[in-house]
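Asker: So I've got this file, entry00.tsv, and it contains TSV, C-alpha atoms:
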chain	number	residue	atom	x	y	z
U	1	MET	CA	-106.09	-200.49	-158.42
U	2	PRO	CA	-106.63	-201.10	-154.70
U	3	LYS	CA	-107.11	-198.07	-152.54
U	4	ILE	CA	-103.99	-197.25	-150.55
U	5	VAL	CA	-104.78	-197.14	-146.84
U	6	ASP	CA	-102.66	-195.00	-144.55
U	7	HIS	CA	-102.50	-197.35	-141.57
U	8	GLU	CA	-101.14	-194.80	-139.10
U	9	GLU	CA	-103.87	-192.34	-140.01
U	10	ARG	CA	-106.55	-194.99	-139.72
U	11	ARG	CA	-105.29	-196.14	-136.32
U	12	THR	CA	-105.35	-192.53	-135.12
U	13	THR	CA	-108.88	-192.00	-136.45
U	14	ILE	CA	-110.05	-195.10	-134.61
U	15	ALA	CA	-108.17	-194.16	-131.42
U	16	ALA	CA	-109.79	-190.70	-131.48
U	17	ALA	CA	-113.23	-192.27	-131.97
U	18	ALA	CA	-112.56	-194.68	-129.10
U	19	ALA	CA	-111.54	-191.79	-126.83
U	20	MET	CA	-114.74	-189.90	-127.67
U	21	ALA	CA	-116.87	-193.02	-127.10
U	22	ILE	CA	-115.27	-193.73	-123.72
U	23	ALA	CA	-115.78	-190.15	-122.54
U	24	ALA	CA	-119.33	-189.79	-123.85
U	25	ASP	CA	-120.84	-193.19	-123.12
U	26	GLY	CA	-118.60	-194.80	-120.47
U	27	ILE	CA	-116.39	-197.80	-121.12
U	28	GLU	CA	-119.14	-200.29	-120.34
U	29	ALA	CA	-121.27	-199.01	-123.20
U	30	VAL	CA	-118.37	-198.90	-125.67
U	31	THR	CA	-118.48	-201.56	-128.40
U	32	MET	CA	-116.28	-202.21	-131.41
U	33	LYS	CA	-119.35	-201.48	-133.54
U	34	GLY	CA	-119.96	-198.14	-131.81
U	35	ILE	CA	-116.34	-197.09	-132.28
U	36	ALA	CA	-116.49	-198.06	-135.95
U	37	GLU	CA	-119.60	-195.91	-136.43
U	38	ARG	CA	-117.95	-192.90	-134.77
U	39	ALA	CA	-114.78	-193.40	-136.83
U	40	GLY	CA	-116.71	-193.88	-140.08
U	41	VAL	CA	-115.10	-197.25	-140.73
U	42	THR	CA	-116.35	-200.84	-140.71
U	43	THR	CA	-116.40	-202.91	-137.52
U	44	GLY	CA	-113.94	-205.22	-139.30
U	45	ALA	CA	-111.50	-202.33	-139.63
U	46	VAL	CA	-111.62	-201.75	-135.86
U	47	THR	CA	-111.14	-205.41	-134.97
U	48	HIS	CA	-108.32	-205.56	-137.54
U	49	TYR	CA	-106.32	-203.08	-135.48
U	50	PHE	CA	-107.53	-203.92	-131.97
U	51	ALA	CA	-108.06	-207.43	-130.63
U	52	ASP	CA	-110.04	-206.44	-127.53
U	53	LYS	CA	-111.25	-203.57	-125.36
U	54	ASP	CA	-107.96	-203.38	-123.46
U	55	GLU	CA	-106.14	-202.67	-126.72
U	56	VAL	CA	-108.70	-200.03	-127.63
U	57	VAL	CA	-108.29	-198.33	-124.26
U	58	LEU	CA	-104.49	-198.42	-124.58
U	59	GLU	CA	-104.61	-196.84	-128.02
U	60	ALA	CA	-107.08	-194.24	-126.76
U	61	VAL	CA	-104.84	-193.31	-123.83
U	62	LEU	CA	-101.78	-193.03	-126.08
U	63	PHE	CA	-103.82	-190.70	-128.27
U	64	VAL	CA	-105.04	-188.46	-125.44
U	65	GLY	CA	-101.62	-188.56	-123.75
U	66	ALA	CA	-100.06	-187.15	-126.91
U	67	SER	CA	-102.75	-184.47	-127.02
U	68	MET	CA	-102.08	-183.43	-123.39
U	69	THR	CA	-98.30	-183.40	-123.82
U	70	GLU	CA	-98.64	-181.32	-126.96
U	71	ARG	CA	-100.67	-178.65	-125.16
U	72	PHE	CA	-98.22	-178.61	-122.26
U	73	GLU	CA	-95.12	-178.35	-124.44
U	74	ALA	CA	-96.63	-175.78	-126.77
U	75	ALA	CA	-97.30	-173.52	-123.79
U	76	LEU	CA	-93.74	-173.92	-122.47
U	77	ALA	CA	-92.32	-173.35	-125.96
U	78	SER	CA	-94.21	-170.07	-126.22
U	79	GLU	CA	-92.52	-168.88	-123.03
U	80	GLN	CA	-95.60	-169.24	-120.84
U	81	PRO	CA	-94.97	-169.91	-117.14
U	82	LEU	CA	-95.16	-173.49	-115.84
U	83	SER	CA	-98.55	-172.81	-114.23
U	84	GLU	CA	-100.06	-171.90	-117.62
U	85	ALA	CA	-98.51	-174.95	-119.26
U	86	LEU	CA	-100.08	-177.19	-116.62
U	87	LEU	CA	-103.44	-175.44	-117.09
U	88	ALA	CA	-103.21	-175.98	-120.85
U	89	ALA	CA	-103.01	-179.72	-120.23
U	90	LEU	CA	-105.74	-179.72	-117.54
U	91	PRO	CA	-109.49	-179.96	-118.35
U	92	HIS	CA	-110.89	-176.72	-119.74
U	93	ASP	CA	-112.92	-177.75	-122.81
U	94	ALA	CA	-114.58	-180.84	-124.29
U	95	GLU	CA	-111.32	-182.18	-125.73
U	96	SER	CA	-109.26	-181.85	-122.56
U	97	ARG	CA	-112.10	-183.25	-120.41
U	98	ARG	CA	-112.25	-186.23	-122.78
U	99	ASP	CA	-108.50	-186.74	-122.36
U	100	TRP	CA	-108.73	-186.98	-118.58
U	101	THR	CA	-111.79	-189.21	-118.63
U	102	VAL	CA	-109.92	-191.67	-120.85
U	103	CYS	CA	-106.95	-191.57	-118.44
U	104	ARG	CA	-109.19	-192.46	-115.51
U	105	VAL	CA	-110.70	-195.40	-117.37
U	106	PHE	CA	-107.23	-196.50	-118.44
U	107	ASN	CA	-105.88	-196.36	-114.86
U	108	ASP	CA	-108.71	-198.56	-113.70
U	109	ARG	CA	-108.03	-201.21	-116.33
U	110	ALA	CA	-104.27	-200.98	-115.78
U	111	SER	CA	-104.84	-202.06	-112.18
U	112	ARG	CA	-105.98	-205.45	-113.51
U	113	SER	CA	-103.85	-205.82	-116.67
U	114	PRO	CA	-100.06	-206.35	-116.57
U	115	SER	CA	-99.59	-205.10	-120.14
U	116	LEU	CA	-101.57	-201.89	-119.50
U	117	LEU	CA	-99.78	-201.44	-116.17
U	118	GLU	CA	-96.48	-201.32	-118.04
U	119	HIS	CA	-97.69	-198.33	-120.01
U	120	PHE	CA	-99.20	-196.77	-116.87
U	121	ARG	CA	-95.73	-196.85	-115.28
U	122	ALA	CA	-93.93	-195.50	-118.32
U	123	SER	CA	-96.44	-192.66	-118.53
U	124	ALA	CA	-96.16	-191.82	-114.82
U	125	GLU	CA	-92.37	-191.81	-115.08
U	126	GLY	CA	-92.59	-189.54	-118.13
U	127	SER	CA	-94.77	-187.04	-116.23
U	128	LEU	CA	-92.38	-187.05	-113.30
U	129	ARG	CA	-89.41	-186.47	-115.58
U	130	MET	CA	-91.13	-183.56	-117.33
U	131	ALA	CA	-92.06	-181.98	-114.00
U	132	THR	CA	-88.55	-182.49	-112.61
U	133	GLU	CA	-87.04	-180.80	-115.67
U	134	ALA	CA	-89.48	-177.91	-115.56
U	135	LEU	CA	-88.90	-177.34	-111.82
U	136	GLY	CA	-85.14	-177.90	-112.11
U	137	ALA	CA	-84.96	-175.17	-114.75
U	138	ARG	CA	-86.18	-172.58	-112.28
U	139	SER	CA	-84.55	-173.77	-109.07
U	140	GLY	CA	-81.11	-174.39	-107.65
U	141	PRO	CA	-79.05	-177.56	-107.50
U	142	ASN	CA	-80.93	-179.27	-104.65
U	143	VAL	CA	-81.79	-182.35	-106.69
U	144	LYS	CA	-83.48	-184.35	-103.95
U	145	GLN	CA	-85.78	-181.46	-103.18
U	146	VAL	CA	-86.63	-181.00	-106.86
U	147	ASN	CA	-87.53	-184.68	-107.25
U	148	LEU	CA	-89.92	-184.56	-104.33
U	149	ASP	CA	-91.34	-181.21	-105.44
U	150	ALA	CA	-91.98	-182.82	-108.83
U	151	GLU	CA	-93.87	-185.70	-107.18
U	152	VAL	CA	-96.18	-183.17	-105.51
U	153	VAL	CA	-96.66	-181.19	-108.72
U	154	VAL	CA	-97.54	-184.31	-110.72
U	155	ALA	CA	-99.88	-185.55	-107.98
U	156	THR	CA	-101.68	-182.22	-107.73
U	157	PHE	CA	-101.90	-182.00	-111.52
U	158	ASP	CA	-103.30	-185.54	-111.78
U	159	ALA	CA	-105.88	-185.03	-109.05
U	160	ILE	CA	-107.10	-181.72	-110.47
U	161	GLY	CA	-107.35	-183.33	-113.90
U	162	ASP	CA	-109.37	-186.18	-112.50
U	163	ALA	CA	-111.71	-184.00	-110.43
U	164	ALA	CA	-112.15	-181.30	-113.07
U	165	SER	CA	-113.03	-183.80	-115.79
U	166	ALA	CA	-115.60	-185.49	-113.54
U	167	ASP	CA	-117.02	-182.24	-112.14
U	168	PRO	CA	-116.21	-179.26	-114.41
U	169	VAL	CA	-118.68	-177.00	-112.56
U	170	SER	CA	-116.79	-177.31	-109.27
U	171	TRP	CA	-113.43	-176.92	-111.03
U	172	PRO	CA	-113.52	-173.87	-113.31
U	173	THR	CA	-110.13	-172.78	-114.68
U	174	GLU	CA	-109.98	-170.05	-112.04
U	175	ARG	CA	-109.95	-172.58	-109.19
U	176	GLN	CA	-107.41	-174.76	-110.99
U	177	ARG	CA	-105.18	-171.70	-111.50
U	178	ARG	CA	-105.42	-170.67	-107.83
U	179	VAL	CA	-104.34	-174.10	-106.62
U	180	VAL	CA	-101.56	-174.59	-109.21
U	181	GLU	CA	-100.13	-171.09	-108.69
U	182	HIS	CA	-100.31	-171.46	-104.92
U	183	LEU	CA	-98.41	-174.76	-105.06
U	184	LEU	CA	-95.74	-173.41	-107.39
U	185	ALA	CA	-95.32	-170.33	-105.20
U	186	ARG	CA	-94.97	-172.59	-102.15
U	187	LEU	CA	-92.32	-174.65	-103.93
U	188	ALA	CA	-90.46	-171.52	-105.04
U	189	GLU	CA	-89.78	-170.76	-101.38
U	190	PRO	CA	-86.17	-171.66	-100.59
L	1	MET	CA	-142.31	-216.54	-86.83
L	2	PRO	CA	-140.61	-214.71	-89.71
L	3	LYS	CA	-136.89	-214.19	-89.38
L	4	ILE	CA	-136.06	-210.63	-88.40
L	5	VAL	CA	-133.76	-209.07	-90.97
L	6	ASP	CA	-131.46	-206.27	-89.88
L	7	HIS	CA	-131.76	-204.09	-92.98
L	8	GLU	CA	-128.78	-201.86	-92.17
L	9	GLU	CA	-126.56	-204.86	-91.64
L	10	ARG	CA	-127.73	-206.50	-94.84
L	11	ARG	CA	-127.17	-203.31	-96.87
L	12	THR	CA	-123.66	-203.09	-95.45
L	13	THR	CA	-122.93	-206.74	-96.26
L	14	ILE	CA	-124.08	-206.18	-99.84
L	15	ALA	CA	-122.14	-202.91	-100.15
L	16	ALA	CA	-118.97	-204.62	-98.93
L	17	ALA	CA	-119.48	-207.46	-101.42
L	18	ALA	CA	-120.05	-204.93	-104.20
L	19	ALA	CA	-116.83	-203.09	-103.27
L	20	MET	CA	-114.86	-206.35	-103.35
L	21	ALA	CA	-116.41	-207.33	-106.70
L	22	ILE	CA	-115.61	-203.95	-108.28
L	23	ALA	CA	-111.99	-204.07	-107.11
L	24	ALA	CA	-111.39	-207.71	-108.04
L	25	ASP	CA	-113.26	-208.04	-111.32
L	26	GLY	CA	-113.74	-204.52	-112.66
L	27	ILE	CA	-117.10	-202.77	-112.86
L	28	GLU	CA	-117.88	-204.18	-116.31
L	29	ALA	CA	-117.79	-207.74	-115.00
L	30	VAL	CA	-119.87	-206.95	-111.90
L	31	THR	CA	-123.41	-208.35	-111.92
L	32	MET	CA	-126.19	-208.34	-109.34
L	33	LYS	CA	-125.88	-212.14	-109.30
L	34	GLY	CA	-122.12	-212.00	-108.65
L	35	ILE	CA	-122.58	-209.52	-105.80
L	36	ALA	CA	-125.27	-211.73	-104.29
L	37	GLU	CA	-122.94	-214.73	-104.38
L	38	ARG	CA	-120.14	-212.80	-102.68
L	39	ALA	CA	-122.56	-211.46	-100.05
L	40	GLY	CA	-124.13	-214.87	-99.46
L	41	VAL	CA	-127.64	-213.58	-100.20
L	42	THR	CA	-130.10	-214.12	-103.04
L	43	THR	CA	-130.00	-212.00	-106.19
L	44	GLY	CA	-133.48	-210.84	-105.19
L	45	ALA	CA	-132.07	-209.44	-101.96
L	46	VAL	CA	-129.54	-207.36	-103.91
L	47	THR	CA	-132.11	-206.02	-106.37
L	48	HIS	CA	-134.42	-205.31	-103.41
L	49	TYR	CA	-131.92	-202.77	-102.08
L	50	PHE	CA	-130.35	-201.53	-105.33
L	51	ALA	CA	-132.24	-200.73	-108.50
L	52	ASP	CA	-129.21	-200.57	-110.81
L	53	LYS	CA	-125.43	-200.57	-111.02
L	54	ASP	CA	-125.19	-196.83	-110.26
L	55	GLU	CA	-126.95	-197.45	-106.93
L	56	VAL	CA	-124.60	-200.33	-106.19
L	57	VAL	CA	-121.54	-198.19	-106.94
L	58	LEU	CA	-122.90	-195.36	-104.77
L	59	GLU	CA	-123.46	-197.71	-101.83
L	60	ALA	CA	-120.01	-199.23	-102.36
L	61	VAL	CA	-118.34	-195.81	-102.33
L	62	LEU	CA	-120.21	-194.77	-99.18
L	63	PHE	CA	-118.97	-197.97	-97.59
L	64	VAL	CA	-115.31	-197.52	-98.58
L	65	GLY	CA	-115.45	-193.78	-97.79
L	66	ALA	CA	-116.51	-194.63	-94.23
L	67	SER	CA	-113.67	-197.14	-94.03
L	68	MET	CA	-111.08	-194.56	-95.18
L	69	THR	CA	-112.38	-191.83	-92.88
L	70	GLU	CA	-112.34	-194.24	-89.95
L	71	ARG	CA	-108.66	-195.10	-90.51
L	72	PHE	CA	-107.76	-191.40	-90.88
L	73	GLU	CA	-109.63	-190.30	-87.77
L	74	ALA	CA	-108.43	-193.22	-85.66
L	75	ALA	CA	-104.82	-192.23	-86.44
L	76	LEU	CA	-105.45	-188.57	-85.53
L	77	ALA	CA	-107.31	-189.61	-82.36
L	78	SER	CA	-104.29	-191.67	-81.26
L	79	GLU	CA	-102.10	-188.56	-81.52
L	80	GLN	CA	-100.33	-189.63	-84.69
L	81	PRO	CA	-99.05	-186.84	-86.95
L	82	LEU	CA	-101.12	-185.77	-89.97
L	83	SER	CA	-98.74	-187.57	-92.35
L	84	GLU	CA	-99.43	-190.92	-90.61
L	85	ALA	CA	-103.17	-190.28	-90.62
L	86	LEU	CA	-103.06	-189.68	-94.38
L	87	LEU	CA	-100.96	-192.83	-94.87
L	88	ALA	CA	-103.48	-194.83	-92.83
L	89	ALA	CA	-106.17	-193.85	-95.34
L	90	LEU	CA	-103.94	-194.39	-98.40
L	91	PRO	CA	-103.49	-197.82	-100.09
L	92	HIS	CA	-101.27	-200.16	-98.07
L	93	ASP	CA	-103.16	-203.48	-97.98
L	94	ALA	CA	-105.92	-205.31	-99.83
L	95	GLU	CA	-108.68	-203.43	-98.04
L	96	SER	CA	-107.30	-199.94	-98.60
L	97	ARG	CA	-106.47	-200.72	-102.26
L	98	ARG	CA	-110.03	-201.90	-102.70
L	99	ASP	CA	-111.29	-198.62	-101.24
L	100	TRP	CA	-109.37	-196.51	-103.76
L	101	THR	CA	-110.29	-198.70	-106.71
L	102	VAL	CA	-113.96	-198.24	-105.85
L	103	CYS	CA	-113.43	-194.46	-105.61
L	104	ARG	CA	-111.92	-194.36	-109.11
L	105	VAL	CA	-114.82	-196.32	-110.57
L	106	PHE	CA	-117.26	-194.08	-108.73
L	107	ASN	CA	-115.59	-190.88	-110.03
L	108	ASP	CA	-115.90	-192.16	-113.57
L	109	ARG	CA	-119.62	-192.89	-113.21
L	110	ALA	CA	-120.22	-189.61	-111.39
L	111	SER	CA	-118.98	-187.77	-114.46
L	112	ARG	CA	-122.04	-189.06	-116.32
L	113	SER	CA	-124.65	-189.21	-113.53
L	114	PRO	CA	-126.10	-186.09	-111.86
L	115	SER	CA	-127.18	-188.02	-108.75
L	116	LEU	CA	-123.74	-189.59	-108.27
L	117	LEU	CA	-122.09	-186.23	-108.99
L	118	GLU	CA	-123.96	-184.76	-106.04
L	119	HIS	CA	-122.30	-187.25	-103.73
L	120	PHE	CA	-118.93	-186.74	-105.47
L	121	ARG	CA	-119.14	-183.04	-104.59
L	122	ALA	CA	-120.22	-183.62	-101.01
L	123	SER	CA	-117.38	-186.07	-100.54
L	124	ALA	CA	-114.78	-183.72	-102.09
L	125	GLU	CA	-116.02	-180.88	-99.87
L	126	GLY	CA	-115.79	-183.16	-96.84
L	127	SER	CA	-112.17	-184.05	-97.64
L	128	LEU	CA	-111.28	-180.40	-98.09
L	129	ARG	CA	-112.91	-179.50	-94.78
L	130	MET	CA	-111.05	-182.26	-92.94
L	131	ALA	CA	-107.73	-181.17	-94.46
L	132	THR	CA	-108.39	-177.51	-93.69
L	133	GLU	CA	-109.14	-178.35	-90.06
L	134	ALA	CA	-106.09	-180.58	-89.72
L	135	LEU	CA	-103.78	-177.94	-91.25
L	136	GLY	CA	-105.46	-175.08	-89.39
L	137	ALA	CA	-104.77	-176.86	-86.09
L	138	ARG	CA	-101.03	-176.64	-86.68
L	139	SER	CA	-100.72	-173.26	-88.40
L	140	GLY	CA	-101.44	-169.61	-87.76
L	141	PRO	CA	-104.45	-167.53	-88.63
L	142	ASN	CA	-103.72	-167.10	-92.36
L	143	VAL	CA	-107.02	-168.61	-93.46
L	144	LYS	CA	-106.63	-168.05	-97.19
L	145	GLN	CA	-103.27	-169.78	-97.15
L	146	VAL	CA	-104.66	-172.72	-95.16
L	147	ASN	CA	-107.52	-173.21	-97.62
L	148	LEU	CA	-105.16	-173.39	-100.58
L	149	ASP	CA	-102.70	-175.58	-98.68
L	150	ALA	CA	-105.63	-177.92	-97.98
L	151	GLU	CA	-106.47	-178.07	-101.70
L	152	VAL	CA	-102.91	-179.21	-102.42
L	153	VAL	CA	-102.95	-181.77	-99.59
L	154	VAL	CA	-106.23	-183.28	-100.76
L	155	ALA	CA	-105.07	-183.33	-104.39
L	156	THR	CA	-101.77	-185.02	-103.51
L	157	PHE	CA	-103.58	-187.47	-101.25
L	158	ASP	CA	-106.12	-188.32	-103.97
L	159	ALA	CA	-103.51	-188.78	-106.69
L	160	ILE	CA	-101.30	-191.00	-104.52
L	161	GLY	CA	-104.35	-193.07	-103.58
L	162	ASP	CA	-105.29	-193.46	-107.22
L	163	ALA	CA	-101.76	-194.34	-108.41
L	164	ALA	CA	-100.94	-196.61	-105.47
L	165	SER	CA	-104.13	-198.63	-105.82
L	166	ALA	CA	-103.51	-199.10	-109.56
L	167	ASP	CA	-99.77	-199.79	-109.20
L	168	PRO	CA	-98.87	-200.88	-105.65
L	169	VAL	CA	-95.38	-201.99	-106.72
L	170	SER	CA	-94.39	-198.47	-107.81
L	171	TRP	CA	-95.99	-196.93	-104.74
L	172	PRO	CA	-94.80	-198.73	-101.59
L	173	THR	CA	-95.63	-197.01	-98.31
L	174	GLU	CA	-92.10	-195.63	-98.15
L	175	ARG	CA	-92.56	-193.60	-101.33
L	176	GLN	CA	-95.99	-192.42	-100.20
L	177	ARG	CA	-94.48	-191.33	-96.88
L	178	ARG	CA	-91.62	-189.43	-98.55
L	179	VAL	CA	-94.00	-187.44	-100.74
L	180	VAL	CA	-96.56	-186.74	-98.00
L	181	GLU	CA	-93.94	-185.73	-95.44
L	182	HIS	CA	-92.15	-183.57	-97.99
L	183	LEU	CA	-95.37	-181.74	-98.84
L	184	LEU	CA	-96.34	-181.19	-95.21
L	185	ALA	CA	-92.83	-179.91	-94.46
L	186	ARG	CA	-93.06	-177.53	-97.42
L	187	LEU	CA	-96.42	-176.26	-96.18
L	188	ALA	CA	-95.08	-175.84	-92.64
L	189	GLU	CA	-92.69	-173.17	-93.97
L	190	PRO	CA	-94.03	-169.77	-93.01
Just dump the structure as structure tokens.

Answerer:
Amino acid sequence: MPKIVDHEERRTTIAAAAAMAIAADGIEAVTMKGIAERAGVTTGAVTHYFADKDEVVLEAVLFVGASMTERFEAALASEQPLSEALLAALPHDAESRRDWTVCRVFNDRASRSPSLLEHFRASAEGSLRMATEALGARSGPNVKQVNLDAEVVVATFDAIGDAASADPVSWPTERQRRVVEHLLARLAEP
Amino acid sequence: MPKIVDHEERRTTIAAAAAMAIAADGIEAVTMKGIAERAGVTTGAVTHYFADKDEVVLEAVLFVGASMTERFEAALASEQPLSEALLAALPHDAESRRDWTVCRVFNDRASRSPSLLEHFRASAEGSLRMATEALGARSGPNVKQVNLDAEVVVATFDAIGDAASADPVSWPTERQRRVVEHLLARLAEP
């Protein structure tokens, strides 16, 4: 009887391996063979799911995006303040640093690939929506203000994520917290 | 009589060609030969100045960093408001988009290279210092507040630059201006 393969699970295993490879070795050094070795599957299994490097990077960014959103939403669901939810998604350990490194590589490729750019936009709009909701929940009915506040929150969040994943020593959690809390306090002013 | 080569000028020509190649083709596709062709010099001339791709990327980022700083400082020197000076450095044409694309590629490599990381830090500290001075010039003596405000300004600036160079359509100058002016207005509140 042929072995039953759980395709979703296998795709996720390969996406996770691709994310690790991108963060550890850099996208230039990433090969289908290297991803297969990390995932414990054959190279044929990788090329079965992903036609080229762009597809690998897309799957990797979907994987790390889900991981970041999960940390953010789990913090909000456990009644933590918005600042702590943002910090939960920001780089603070190997996994979260990996997530942001993959995002940076993805952004770069999206700038030259229409199909990746489509996902880049959807993801950026998703972040903005989440920030608008989170800020709207704590502020009044000034919708225009909340939208622009959300733009600043997302931008600050993205830039800290980028810098802290590239240079963790300069961006310990304490510095991230100071900046995020300062911004949110500024935006809480009427 | 041997031709006199202006080494500084030649380095700059090669750095500019490298920056264009990185932005147009992506760092993976960049070769010493391709840079030489763009610069109109021999491949030997490129390898004479730059031992490897990391050195090329460093020289390219120094080149685009100077270009961004020049636009920012020229705007401030001509009495334009801080928002316009930031917009002058942000992506709004082929040259400024190139600058930010090179920065993103550099940040990624810096995360895996101690020598590039050193420059990454120096550059980040320089941005923070410039923002602190610019904000300090218009605000009172609350130094702690100004430092944290500067962190938010630099972060917002960096994230807009990253997003707008990857996705110019979603980030026209008008949207950049709205976000930057909104943030500076927020920070001008006492």

Asker: Kindly provide the residues of chain U that approach chain L to within 6 Å, each paired with its closest atom pair and their distance in Å to one decimal, based on all atoms listed in the file, listed by chain and increasing number, as a Markdown table.

Answerer:
| residue | atom | partner | partner_atom | distance |
| --- | --- | --- | --- | --- |
| U:Glu28 | CA | L:Glu28 | CA | 5.7 |
| U:Ser111 | CA | L:Ala166 | CA | 4.2 |
| U:Ala155 | CA | L:Thr156 | CA | 4.9 |
| U:Thr156 | CA | L:Ala155 | CA | 4.9 |
| U:Ala159 | CA | L:Ala159 | CA | 5.0 |
| U:Ala166 | CA | L:Ser111 | CA | 4.2 |

Asker: Please list as an mmCIF file with C-alpha atoms, in the frame of the given file every residue within 8 Å of Ala17 (chain U), counting all atoms listed in the file and excluding residues in the same chain fewer than 5 positions away.

Answerer:
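That gives us around_28.cif:
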data_model
loop_
_atom_site.group_PDB
_atom_site.id
_atom_site.type_symbol
_atom_site.label_atom_id
_atom_site.label_comp_id
_atom_site.auth_asym_id
_atom_site.auth_seq_id
_atom_site.Cartn_x
_atom_site.Cartn_y
_atom_site.Cartn_z
ATOM 1 C CA ILE U 35 -116.340 -197.090 -132.280
ATOM 2 C CA ALA U 36 -116.490 -198.060 -135.950
ATOM 3 C CA ARG U 38 -117.950 -192.900 -134.770
ATOM 4 C CA ALA U 39 -114.780 -193.400 -136.830
#

Asker: Between CA of Arg71 (chain U) and CA of Leu128 (chain L), measure the distance and give it in Å to one decimal.

Answerer: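 So the two atoms, CA of Arg71 (chain U) and CA of Leu128 (chain L), lie 29.1 Å apart.
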
Asker: One decimal, Å: what's the distance from CA of Glu79 (chain U) over to CA of Glu125 (chain U), could you say?

Answerer: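 Between CA of Glu79 (chain U) and CA of Glu125 (chain U) the gap works out to 24.3 Å.
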
Asker: Could you jot down the CA of Thr43 (chain L) to CA of Glu55 (chain L) separation for me, Å, one decimal place?

Answerer: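 Separation of CA of Thr43 (chain L) and CA of Glu55 (chain L): 14.9 Å.
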